[in-house]
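Heads up: the structure comes next, in structure tokens.
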Number of protein chains: 2
Amino acid sequence: MSLPALDLIAFDADDTLWHNERNYAEGHRQFAQLLAHYHAPEWVRARLEETEARNLQHFGYGIKSFALSMIETALELTEGRISGADIRALLEIAKKMLAAEIELFPAVSQIIQQLSARCRLMIITKGDLLDQETKISRSGLADYFQHVEIVSQKTPESYGKILKKYSVEPRRFMMIGNALRSDILPVLALGGNAVYIPCELSWEHESAEQPGLEQPGFYHLQSIAELPQLLERIQHGVNKSCSQ
Amino acid sequence: MSLPALDLIAFDADDTLWHNERNYAEGHRQFAQLLAHYHAPEWVRARLEETEARNLQHFGYGIKSFALSMIETALELTEGRISGADIRALLEIAKKMLAAEIELFPAVSQIIQQLSARCRLMIITKGDLLDQETKISRSGLADYFQHVEIVSQKTPESYGKILKKYSVEPRRFMMIGNALRSDILPVLALGGNAVYIPCELSWEHESAEQPGLEQPGFYHLQSIAELPQLLERIQHGVNKSCSQ
């Protein structure tokens, strides 16, 4: 298959470039532990997930939303009997999550550095504005990305706006990420290219049916380390604006 | 004074286009009332402001941050004795703030509509991503703005990035807002034009010394209704890309 050259390669951040979901998993675990003398951990987890889903439209994504959902769930599950000390512990869980070390996935630093010399790179991530900016800054990767877009939703519309803003045609755009629903399907719907790199831990809310491998523009890799070969393979035989 | 034509006019949103600070003032009032049997309202207010300022670097701006700061302050001021029902009431205050009606300032709708026919308009606002997007959408003004940028800080650097992204020279850029520290000073520092329209209620954190009226590019209006005349005056006698 031959593809036109790429003008812009965009990466999702959380669980594509660095670990993130495991921080939420740990937050969930600590929450369940705190409420262990009221309810079984599975029940606590299920109720917290319900609250998170219900609050998503009001609060959006991110750790502050998670903190508010933990507090709300704790009040519900204890019928308001939760102690001040326990509420304070929930705030501490959230603050620790905000300060959690950014651990890049293997090969990320090297691959991003290499690619940035050959192509315009961008981060497109959703979540809390300040938290995402802080993580990008702390990741040590900020200098390799020419643009950063933090969005509240990843839909064909939100990708379309970004491509328009940067004057990039969908077929010359590639998105790389771990979430089918957010990183892959909306980009394919626009006629762009999307590389799915699953992460061991992925957020339940982000699951969706995987496109067939035969779908134009869809690629599936095991690791970001395989990305340079894929790009070479895609661009082989075409005029490569990205690799020259 | 003659100025080059303007390529881009950007507006701050909260307390420039619509009421916002009064919602926080009301949140503060309700918070003080809730804790009235522990402490005097002035003391409660001062402690909440301290917590907000301390948390700004972790949580950033917005109602979710305000909610977490209210809960933290309530725990401190009651030495953890606050009841579950009261914590729930704090969550309700925050949810009501998120759902508060958007009330535009007088003349805003008409002025923005008129200007949008003559010039490229943008919103540059800081705060919580989802909350700001939702407010812009609910304001009824979204269609008049070609671009929206939601940032975590308004500094010469963040304005500089935006101008670069949209290929606009600072001297052909005008920012309009109610906050000297966020809307006016950083834009003047870049060599841009800034129109200060003070709002009756402005957030303490945003106060700064007002530039002298003789400073190039600085304008001071009482109301957005005066903006068209100012633009006409500024552009009188120059080649106006914005007004043709």
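By order in the structure tokens, chains are A, B, ...; within a chain, residues start at 1; ligands start at 1, following the order shown.
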Please, which residues of region 56-210 of chain A, numbered as in this document, come out strand (DSSP E) from DSSP, as JSON, numbers by chain?
-> {"A": [121, 122, 123, 124, 125, 126, 147, 148, 149, 150, 151, 173, 174, 175, 176, 177, 193, 194, 195, 196]}
Please return, as a PyMOL selection string, all residues of chain A lying within 10 Å of chain B when only C-alpha atoms are considered.
-> chain A and resi 55-61+63-65+67-69+71-72+74-76+78-88+91+95+98-99+126-131+133-134+146-147+149-153+161+165-166
Please identify which residues in region 36-179 of chain A DSSP calls helix (DSSP H, G or I) from the backbone, and express them as a VMD selection string.
-> chain A and resid 41 to 59 63 to 77 84 to 99 108 to 116 129 to 139 142 to 144 156 to 165 170 to 172
Nearest to Pro211 (chain B) by atom-to-atom distance, counting only C-alpha atoms, from B:Pro170, B:Leu8, B:Leu188, B:Glu157 =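 For Pro211 (chain B), the nearest of the given residues is B:Leu188.
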